[in-house]
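S.K.: Got a structure for you, written out below as structure tokens; questions coming shortly.
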Amino acid sequence: MSKPHQRVGSVSNAHVGRDFENGALKVFARFGLDLERNFKVPVGLNGTSKLHAFDLGSEEKKILVECKSHKWTAPNDNVPSAKLTVWNEAMYYFLVAPPGFRKILFVLRDMSERRQETLAEYYIRTYRHLIPGDVEIWEFDEGNGEVIERSFSQ
């Protein structure tokens, strides 16, 4: 059975995401941040809230993390528009999260040879107007373990 939207070489996209979260946990541990999975906090507007599970987080360290291991669409390095909509959704959840939390979008570093920019760089360039000022975007290079941090504080 053909699965055109599944990452090449993976059992399933769910496995890809879970493996990426495992990598993220190790990266944050290197920074002295021990986080838990499926971290729930109340989110909402106008005095109404509902629990939302962020991929990773900590009450003690006051941190919320969403992990995205998306890549440019193969084989032509096309923009993965539907996947970037999920990044926008993450920005909204960060916006309506409780105050006082550090907010990090942890993404896979994926370079487009055609565009000469990473997917995160493209997202920042085209969606900067939707990124709250207190959100950090961390790009993780699976090849060398390097993390590039971007902050948008006003």
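By convention here, the chains of the structure tokens are called A, B, ... in the order presented, each chain's residues are numbered starting at 1, and ligands are numbered starting at 1 in the order presented.
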Residues near Ala120 of chain A, anyone? I mean within 9 Å using only C-alpha atoms, not counting same-chain ones fewer than 4 positions away, as a CSV table (one decimal) with C-alpha atoms, in the first residue's frame.

M.R.:
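See result.csv below for the written result:
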```csv
chain,number,residue,atom,x,y,z
A,107,VAL,CA,11.7,22.0,15.1
A,108,LEU,CA,13.8,19.8,12.9
A,109,ARG,CA,16.4,21.7,10.9
A,110,ASP,CA,15.6,20.9,7.2
A,111,MET,CA,17.4,22.9,4.5
A,124,ILE,CA,9.8,33.0,10.4
A,125,ARG,CA,10.1,35.0,7.1
A,137,ILE,CA,12.1,28.7,17.9
A,138,TRP,CA,14.8,26.1,18.3
A,139,GLU,CA,16.1,24.3,15.2
```

S.K.: Nearest to Arg128 of chain A: which of A:Phe20, A:Phe54, A:Tyr92, A:Phe152 is it, counting only C-alpha atoms?

M.R.: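 Between A:Phe20, A:Phe54, A:Tyr92, A:Phe152, the residue approaching Arg128 of chain A most closely is A:Phe152.
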
S.K.: What is the distance between atom CA of Val65 of chain A and atom CA of Ser49 of chain A, in Å to one decimal?

M.R.: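 These atoms are spaced 18.9 Å apart.
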
S.K.: Which residues come within 8 Å of Gly17 of chain A, counting only C-alpha atoms, excluding same-chain residues fewer than 6 positions away, as a PyMOL selection string?

M.R.: chain A and resi 67-69

S.K.: Identify which of the residues A:Met91, A:Ile148, A:Leu105, A:Ala97 lies closest to Tyr127 of chain A, counting only C-alpha atoms when measuring atom-to-atom distances.

M.R.: A:Met91

S.K.: For atom CA of Val96 of chain A and atom CA of His129 of chain A, determine how far apart the two atoms are, in Å to one decimal place.

M.R.: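 According to the coordinates, atom CA of Val96 of chain A and atom CA of His129 of chain A are separated by 16.1 Å.
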
S.K.: If you run DSSP over the backbone, which residues in chain A end up helix (DSSP H, G or I)? Put them as a PyMOL selection string.

M.R.: chain A and resi 13-30+81-95+119-130

S.K.: Which distance in Å separates atom CA of Trp87 of chain A and atom CA of Glu117 of chain A, to one decimal?

M.R.: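 Between these atoms lies a distance of 17.3 Å.
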
S.K.: Show which residues sit within 12 Å of Lys26 of chain A, as a PyMOL selection string. Count only C-alpha atoms, and ignore same-chain residues fewer than 5 positions away.

M.R.: chain A and resi 19-21+31-36+56+140+142+145+147

S.K.: Restricting it to all heavy atoms, dump the selection as an mmCIF file, in the first residue's frame.

M.R.:
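Written file, again37.cif:
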```
data_model
loop_
_atom_site.group_PDB
_atom_site.id
_atom_site.type_symbol
_atom_site.label_atom_id
_atom_site.label_comp_id
_atom_site.auth_asym_id
_atom_site.auth_seq_id
_atom_site.Cartn_x
_atom_site.Cartn_y
_atom_site.Cartn_z
ATOM 1 N N ASP A 19 9.916 9.658 18.064
ATOM 2 C CA ASP A 19 11.376 9.618 18.067
ATOM 3 C C ASP A 19 11.960 11.028 18.184
ATOM 4 O O ASP A 19 12.955 11.253 18.879
ATOM 5 C CB ASP A 19 11.912 8.939 16.809
ATOM 6 C CG ASP A 19 11.630 7.446 16.770
ATOM 7 O OD1 ASP A 19 11.264 6.864 17.823
ATOM 8 O OD2 ASP A 19 11.763 6.856 15.681
ATOM 9 N N PHE A 20 11.326 11.987 17.503
ATOM 10 C CA PHE A 20 11.795 13.370 17.564
ATOM 11 C C PHE A 20 11.620 13.933 18.975
ATOM 12 O O PHE A 20 12.505 14.619 19.488
ATOM 13 C CB PHE A 20 11.050 14.225 16.533
ATOM 14 C CG PHE A 20 11.634 15.601 16.370
ATOM 15 C CD1 PHE A 20 12.888 15.784 15.811
ATOM 16 C CD2 PHE A 20 10.916 16.716 16.777
ATOM 17 C CE1 PHE A 20 13.432 17.057 15.660
ATOM 18 C CE2 PHE A 20 11.441 17.990 16.633
ATOM 19 C CZ PHE A 20 12.704 18.164 16.073
ATOM 20 N N GLU A 21 10.512 13.634 19.620
ATOM 21 C CA GLU A 21 10.296 14.062 21.011
ATOM 22 C C GLU A 21 11.357 13.457 21.929
ATOM 23 O O GLU A 21 11.849 14.138 22.840
ATOM 24 C CB GLU A 21 8.904 13.666 21.499
ATOM 25 C CG GLU A 21 7.830 14.594 21.053
ATOM 26 C CD GLU A 21 6.463 14.235 21.609
ATOM 27 O OE1 GLU A 21 6.385 13.554 22.670
ATOM 28 O OE2 GLU A 21 5.469 14.622 20.984
ATOM 29 N N PHE A 31 20.647 21.027 28.452
ATOM 30 C CA PHE A 31 20.523 22.407 28.935
ATOM 31 C C PHE A 31 20.039 22.456 30.387
ATOM 32 O O PHE A 31 19.680 23.515 30.893
ATOM 33 C CB PHE A 31 19.566 23.200 28.045
ATOM 34 C CG PHE A 31 20.115 23.532 26.684
ATOM 35 C CD1 PHE A 31 19.906 22.684 25.611
ATOM 36 C CD2 PHE A 31 20.851 24.685 26.479
ATOM 37 C CE1 PHE A 31 20.403 22.976 24.358
ATOM 38 C CE2 PHE A 31 21.364 24.993 25.227
ATOM 39 C CZ PHE A 31 21.149 24.139 24.159
ATOM 40 N N GLY A 32 19.994 21.292 31.031
ATOM 41 C CA GLY A 32 19.575 21.237 32.429
ATOM 42 C C GLY A 32 18.071 21.340 32.622
ATOM 43 O O GLY A 32 17.600 21.677 33.710
ATOM 44 N N LEU A 33 17.329 21.042 31.583
ATOM 45 C CA LEU A 33 15.868 21.122 31.641
ATOM 46 C C LEU A 33 15.271 19.726 31.520
ATOM 47 O O LEU A 33 15.206 19.156 30.431
ATOM 48 C CB LEU A 33 15.334 22.018 30.514
ATOM 49 C CG LEU A 33 15.798 23.471 30.546
ATOM 50 C CD1 LEU A 33 15.467 24.175 29.243
ATOM 51 C CD2 LEU A 33 15.175 24.189 31.727
ATOM 52 N N ASP A 34 14.869 19.166 32.644
ATOM 53 C CA ASP A 34 14.220 17.864 32.648
ATOM 54 C C ASP A 34 12.724 18.085 32.470
ATOM 55 O O ASP A 34 12.059 18.648 33.348
ATOM 56 C CB ASP A 34 14.514 17.114 33.950
ATOM 57 C CG ASP A 34 15.980 16.735 34.061
ATOM 58 O OD1 ASP A 34 16.553 16.328 33.036
ATOM 59 O OD2 ASP A 34 16.538 16.861 35.161
ATOM 60 N N LEU A 35 12.214 17.666 31.340
ATOM 61 C CA LEU A 35 10.819 17.920 30.982
ATOM 62 C C LEU A 35 10.012 16.640 30.983
ATOM 63 O O LEU A 35 10.562 15.554 30.851
ATOM 64 C CB LEU A 35 10.754 18.572 29.600
ATOM 65 C CG LEU A 35 11.584 19.846 29.413
ATOM 66 C CD1 LEU A 35 11.446 20.367 27.989
ATOM 67 C CD2 LEU A 35 11.198 20.904 30.423
ATOM 68 N N GLU A 36 8.718 16.793 31.119
ATOM 69 C CA GLU A 36 7.832 15.631 31.040
ATOM 70 C C GLU A 36 7.006 15.711 29.758
ATOM 71 O O GLU A 36 6.731 16.789 29.243
ATOM 72 C CB GLU A 36 6.942 15.532 32.275
ATOM 73 C CG GLU A 36 6.023 16.712 32.490
ATOM 74 C CD GLU A 36 5.256 16.628 33.796
ATOM 75 O OE1 GLU A 36 5.867 16.902 34.848
ATOM 76 O OE2 GLU A 36 4.056 16.300 33.750
ATOM 77 N N LEU A 56 5.918 18.711 25.520
ATOM 78 C CA LEU A 56 6.833 18.629 26.655
ATOM 79 C C LEU A 56 6.613 19.852 27.540
ATOM 80 O O LEU A 56 6.151 20.890 27.070
ATOM 81 C CB LEU A 56 8.293 18.621 26.185
ATOM 82 C CG LEU A 56 8.696 17.571 25.152
ATOM 83 C CD1 LEU A 56 10.117 17.837 24.656
ATOM 84 C CD2 LEU A 56 8.576 16.170 25.716
ATOM 85 N N PHE A 140 16.726 22.041 15.481
ATOM 86 C CA PHE A 140 17.611 20.948 15.881
ATOM 87 C C PHE A 140 18.130 20.222 14.657
ATOM 88 O O PHE A 140 17.355 19.737 13.825
ATOM 89 C CB PHE A 140 16.851 19.981 16.786
ATOM 90 C CG PHE A 140 17.646 18.766 17.180
ATOM 91 C CD1 PHE A 140 18.825 18.892 17.895
ATOM 92 C CD2 PHE A 140 17.211 17.501 16.831
ATOM 93 C CE1 PHE A 140 19.560 17.771 18.261
ATOM 94 C CE2 PHE A 140 17.935 16.376 17.194
ATOM 95 C CZ PHE A 140 19.110 16.512 17.909
ATOM 96 N N GLU A 142 19.612 17.045 13.430
ATOM 97 C CA GLU A 142 19.774 15.651 13.871
ATOM 98 C C GLU A 142 21.143 15.096 13.512
ATOM 99 O O GLU A 142 21.627 14.189 14.172
ATOM 100 C CB GLU A 142 18.677 14.770 13.265
ATOM 101 C CG GLU A 142 17.319 14.987 13.871
ATOM 102 C CD GLU A 142 16.268 14.044 13.308
ATOM 103 O OE1 GLU A 142 16.197 13.895 12.068
ATOM 104 O OE2 GLU A 142 15.517 13.459 14.111
ATOM 105 N N GLY A 145 23.602 17.284 16.128
ATOM 106 C CA GLY A 145 23.102 17.581 17.468
ATOM 107 C C GLY A 145 23.081 19.054 17.811
ATOM 108 O O GLY A 145 22.762 19.435 18.934
ATOM 109 N N VAL A 147 21.910 22.930 18.058
ATOM 110 C CA VAL A 147 20.648 23.640 18.227
ATOM 111 C C VAL A 147 20.879 25.112 17.926
ATOM 112 O O VAL A 147 21.820 25.716 18.446
ATOM 113 C CB VAL A 147 20.109 23.492 19.667
ATOM 114 C CG1 VAL A 147 18.854 24.334 19.849
ATOM 115 C CG2 VAL A 147 19.811 22.030 19.980
#
```

S.K.: Within 9 Å of Val43 of chain A, counting only C-alpha atoms, which residues qualify if same-chain residues fewer than 5 places away don't, as an NGL selection string?

M.R.: :A and (48-52 or 93-98)

S.K.: Excluding Leu64 of chain A and residues on its chain fewer than 5 positions from it, collect all residues at most 8 Å away from it, counting only C-alpha atoms, and give them as a list in words.

M.R.: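 With the cut-off at 8 Å, the set is Phe39, Phe54, Asp55, Leu56, Gly57, Ser58, Phe101, Arg102, Lys103 and Ile104 of chain A.
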
S.K.: Selected residues, N, CA and C atoms, written as an mmCIF file, in the first residue's frame, please.

M.R.:
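Below is the file result_13.cif, written as the result:
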```cif
data_model
loop_
_atom_site.group_PDB
_atom_site.id
_atom_site.type_symbol
_atom_site.label_atom_id
_atom_site.label_comp_id
_atom_site.auth_asym_id
_atom_site.auth_seq_id
_atom_site.Cartn_x
_atom_site.Cartn_y
_atom_site.Cartn_z
ATOM 1 N N PHE A 39 2.514 17.409 28.708
ATOM 2 C CA PHE A 39 2.386 18.326 29.839
ATOM 3 C C PHE A 39 1.153 19.218 29.666
ATOM 4 N N PHE A 54 0.713 20.081 25.938
ATOM 5 C CA PHE A 54 1.880 20.427 25.127
ATOM 6 C C PHE A 54 2.755 19.177 25.054
ATOM 7 N N ASP A 55 3.559 19.070 24.006
ATOM 8 C CA ASP A 55 4.391 17.870 23.831
ATOM 9 C C ASP A 55 5.284 17.640 25.041
ATOM 10 N N LEU A 56 5.918 18.711 25.520
ATOM 11 C CA LEU A 56 6.833 18.629 26.655
ATOM 12 C C LEU A 56 6.613 19.852 27.540
ATOM 13 N N GLY A 57 6.971 19.724 28.807
ATOM 14 C CA GLY A 57 6.856 20.882 29.680
ATOM 15 C C GLY A 57 7.277 20.566 31.096
ATOM 16 N N SER A 58 7.249 21.627 31.921
ATOM 17 C CA SER A 58 7.601 21.493 33.330
ATOM 18 C C SER A 58 6.929 22.602 34.121
ATOM 19 N N PHE A 101 5.230 31.292 31.555
ATOM 20 C CA PHE A 101 5.894 30.112 31.009
ATOM 21 C C PHE A 101 6.822 30.517 29.870
ATOM 22 N N ARG A 102 7.977 29.877 29.817
ATOM 23 C CA ARG A 102 8.853 29.978 28.658
ATOM 24 C C ARG A 102 8.246 29.088 27.581
ATOM 25 N N LYS A 103 8.197 29.582 26.339
ATOM 26 C CA LYS A 103 7.507 28.862 25.259
ATOM 27 C C LYS A 103 8.477 28.607 24.113
ATOM 28 N N ILE A 104 8.611 27.325 23.752
ATOM 29 C CA ILE A 104 9.590 26.941 22.723
ATOM 30 C C ILE A 104 8.937 26.058 21.672
#
```

S.K.: Pick out each residue of chain A that DSSP on the backbone tags as strand (DSSP E or B); I need them as a short mmCIF file (atom, residue, chain, number, x, y, z; two decimals) with N, CA, C and O atoms, in the first residue's frame.

M.R.:
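Listed below is the output, selection.cif:
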```cif
data_model
loop_
_atom_site.label_atom_id
_atom_site.label_comp_id
_atom_site.auth_asym_id
_atom_site.auth_seq_id
_atom_site.Cartn_x
_atom_site.Cartn_y
_atom_site.Cartn_z
N GLU A 36 8.72 16.79 31.12
CA GLU A 36 7.83 15.63 31.04
C GLU A 36 7.01 15.71 29.76
O GLU A 36 6.73 16.79 29.24
N ARG A 37 6.62 14.54 29.29
CA ARG A 37 5.80 14.44 28.08
C ARG A 37 4.34 14.78 28.40
O ARG A 37 3.90 14.65 29.53
N ASN A 38 3.62 15.19 27.34
CA ASN A 38 2.18 15.37 27.45
C ASN A 38 1.83 16.27 28.65
O ASN A 38 0.98 15.94 29.46
N PHE A 39 2.51 17.41 28.71
CA PHE A 39 2.39 18.33 29.84
C PHE A 39 1.15 19.22 29.67
O PHE A 39 1.06 19.97 28.70
N LYS A 40 0.23 19.11 30.61
CA LYS A 40 -1.06 19.80 30.48
C LYS A 40 -1.13 21.06 31.33
O LYS A 40 -0.76 21.04 32.50
N VAL A 41 -1.61 22.12 30.69
CA VAL A 41 -1.90 23.38 31.39
C VAL A 41 -3.22 23.93 30.85
O VAL A 41 -3.61 23.64 29.72
N PRO A 42 -3.89 24.76 31.65
CA PRO A 42 -5.12 25.38 31.15
C PRO A 42 -4.80 26.49 30.15
O PRO A 42 -3.92 27.31 30.39
N VAL A 43 -5.48 26.49 29.03
CA VAL A 43 -5.33 27.55 28.03
C VAL A 43 -6.70 28.13 27.73
O VAL A 43 -7.72 27.44 27.86
N GLY A 44 -6.72 29.38 27.33
CA GLY A 44 -8.01 29.96 26.98
C GLY A 44 -8.00 31.47 26.98
O GLY A 44 -6.99 32.11 27.27
N LEU A 45 -9.17 32.02 26.65
CA LEU A 45 -9.38 33.46 26.56
C LEU A 45 -10.61 33.86 27.37
O LEU A 45 -11.51 33.03 27.60
N THR A 48 -12.26 31.82 30.22
CA THR A 48 -12.66 30.44 29.96
C THR A 48 -11.41 29.66 29.57
O THR A 48 -10.63 30.11 28.73
N SER A 49 -11.21 28.51 30.19
CA SER A 49 -10.03 27.72 29.85
C SER A 49 -10.36 26.24 29.77
O SER A 49 -11.39 25.78 30.27
N LYS A 50 -9.43 25.54 29.15
CA LYS A 50 -9.53 24.09 28.99
C LYS A 50 -8.11 23.56 29.01
O LYS A 50 -7.18 24.23 28.53
N LEU A 51 -7.91 22.36 29.53
CA LEU A 51 -6.57 21.78 29.55
C LEU A 51 -6.10 21.46 28.13
O LEU A 51 -6.85 20.91 27.33
N HIS A 52 -4.86 21.82 27.87
CA HIS A 52 -4.22 21.49 26.59
C HIS A 52 -2.90 20.79 26.90
O HIS A 52 -2.14 21.24 27.76
N ALA A 53 -2.62 19.71 26.20
CA ALA A 53 -1.38 18.96 26.39
C ALA A 53 -0.32 19.45 25.40
O ALA A 53 -0.46 19.26 24.19
N PHE A 54 0.71 20.08 25.94
CA PHE A 54 1.88 20.43 25.13
C PHE A 54 2.76 19.18 25.05
O PHE A 54 2.70 18.31 25.92
N ASP A 55 3.56 19.07 24.01
CA ASP A 55 4.39 17.87 23.83
C ASP A 55 5.28 17.64 25.04
O ASP A 55 5.40 16.51 25.53
N LEU A 56 5.92 18.71 25.52
CA LEU A 56 6.83 18.63 26.66
C LEU A 56 6.61 19.85 27.54
O LEU A 56 6.15 20.89 27.07
N GLY A 57 6.97 19.72 28.81
CA GLY A 57 6.86 20.88 29.68
C GLY A 57 7.28 20.57 31.10
O GLY A 57 7.60 19.43 31.44
N SER A 58 7.25 21.63 31.92
CA SER A 58 7.60 21.49 33.33
C SER A 58 6.93 22.60 34.12
O SER A 58 7.04 23.78 33.75
N ILE A 63 8.05 25.87 31.70
CA ILE A 63 8.40 25.80 30.29
C ILE A 63 7.36 24.95 29.55
O ILE A 63 6.87 23.95 30.07
N LEU A 64 7.03 25.39 28.34
CA LEU A 64 6.11 24.67 27.44
C LEU A 64 6.83 24.47 26.11
O LEU A 64 7.45 25.41 25.59
N VAL A 65 6.73 23.26 25.56
CA VAL A 65 7.42 22.95 24.31
C VAL A 65 6.47 22.22 23.36
O VAL A 65 5.79 21.27 23.77
N GLU A 66 6.44 22.68 22.13
CA GLU A 66 5.79 21.94 21.05
C GLU A 66 6.90 21.48 20.11
O GLU A 66 7.80 22.26 19.77
N CYS A 67 6.86 20.20 19.70
CA CYS A 67 7.87 19.61 18.82
C CYS A 67 7.28 19.36 17.44
O CYS A 67 6.20 18.78 17.33
N LYS A 68 8.00 19.76 16.41
CA LYS A 68 7.57 19.53 15.03
C LYS A 68 8.77 19.04 14.21
O LYS A 68 9.76 19.74 14.09
N THR A 73 8.51 19.41 1.44
CA THR A 73 7.83 18.33 0.73
C THR A 73 8.71 17.81 -0.40
O THR A 73 9.16 18.59 -1.25
N ASN A 78 8.99 21.52 -2.04
CA ASN A 78 7.82 22.38 -1.99
C ASN A 78 7.49 22.75 -0.55
O ASN A 78 7.87 22.05 0.39
N ARG A 102 7.98 29.88 29.82
CA ARG A 102 8.85 29.98 28.66
C ARG A 102 8.25 29.09 27.58
O ARG A 102 7.83 27.97 27.86
N LYS A 103 8.20 29.58 26.34
CA LYS A 103 7.51 28.86 25.26
C LYS A 103 8.48 28.61 24.11
O LYS A 103 9.07 29.54 23.57
N ILE A 104 8.61 27.32 23.75
CA ILE A 104 9.59 26.94 22.72
C ILE A 104 8.94 26.06 21.67
O ILE A 104 8.33 25.03 22.00
N LEU A 105 9.09 26.45 20.42
CA LEU A 105 8.75 25.58 19.29
C LEU A 105 10.06 24.91 18.88
O LEU A 105 10.99 25.58 18.42
N PHE A 106 10.14 23.60 19.09
CA PHE A 106 11.35 22.83 18.82
C PHE A 106 11.14 22.11 17.49
O PHE A 106 10.27 21.25 17.38
N VAL A 107 11.92 22.50 16.46
CA VAL A 107 11.68 21.98 15.11
C VAL A 107 12.93 21.34 14.52
O VAL A 107 14.06 21.67 14.90
N LEU A 108 12.70 20.45 13.60
CA LEU A 108 13.78 19.80 12.86
C LEU A 108 14.39 20.80 11.89
O LEU A 108 13.67 21.53 11.20
N MET A 111 16.95 21.88 5.47
CA MET A 111 17.39 22.88 4.49
C MET A 111 16.80 22.59 3.11
O MET A 111 16.81 21.45 2.65
N SER A 112 16.29 23.63 2.47
CA SER A 112 15.87 23.53 1.08
C SER A 112 17.04 23.99 0.22
O SER A 112 17.45 25.15 0.30
N GLU A 117 17.28 28.06 2.34
CA GLU A 117 16.84 28.41 3.68
C GLU A 117 16.21 27.19 4.32
O GLU A 117 15.74 26.28 3.63
N THR A 118 16.24 27.19 5.64
CA THR A 118 15.63 26.08 6.36
C THR A 118 14.12 26.31 6.43
O THR A 118 13.64 27.43 6.20
N VAL A 135 7.83 33.73 22.28
CA VAL A 135 8.08 32.37 21.79
C VAL A 135 9.49 32.29 21.22
O VAL A 135 9.94 33.19 20.51
N GLU A 136 10.18 31.20 21.54
CA GLU A 136 11.49 30.91 20.98
C GLU A 136 11.32 29.77 19.97
O GLU A 136 10.51 28.87 20.20
N ILE A 137 12.07 29.83 18.89
CA ILE A 137 12.09 28.71 17.94
C ILE A 137 13.49 28.12 17.98
O ILE A 137 14.48 28.84 17.77
N TRP A 138 13.55 26.83 18.32
CA TRP A 138 14.82 26.11 18.35
C TRP A 138 14.83 25.14 17.17
O TRP A 138 13.96 24.29 17.05
N GLU A 139 15.85 25.28 16.33
CA GLU A 139 16.05 24.34 15.22
C GLU A 139 17.09 23.31 15.65
O GLU A 139 18.18 23.66 16.09
N PHE A 140 16.73 22.04 15.48
CA PHE A 140 17.61 20.95 15.88
C PHE A 140 18.13 20.22 14.66
O PHE A 140 17.36 19.74 13.83
N VAL A 147 21.91 22.93 18.06
CA VAL A 147 20.65 23.64 18.23
C VAL A 147 20.88 25.11 17.93
O VAL A 147 21.82 25.72 18.45
N ILE A 148 20.03 25.64 17.07
CA ILE A 148 20.06 27.08 16.77
C ILE A 148 18.81 27.67 17.41
O ILE A 148 17.70 27.25 17.11
N GLU A 149 19.02 28.65 18.30
CA GLU A 149 17.90 29.26 19.02
C GLU A 149 17.60 30.63 18.44
O GLU A 149 18.50 31.42 18.19
N ARG A 150 16.31 30.87 18.24
CA ARG A 150 15.86 32.18 17.77
C ARG A 150 14.83 32.73 18.74
O ARG A 150 13.90 32.02 19.12
N SER A 151 14.98 33.97 19.12
CA SER A 151 14.09 34.62 20.07
C SER A 151 13.47 35.83 19.40
O SER A 151 14.09 36.46 18.53
#
```
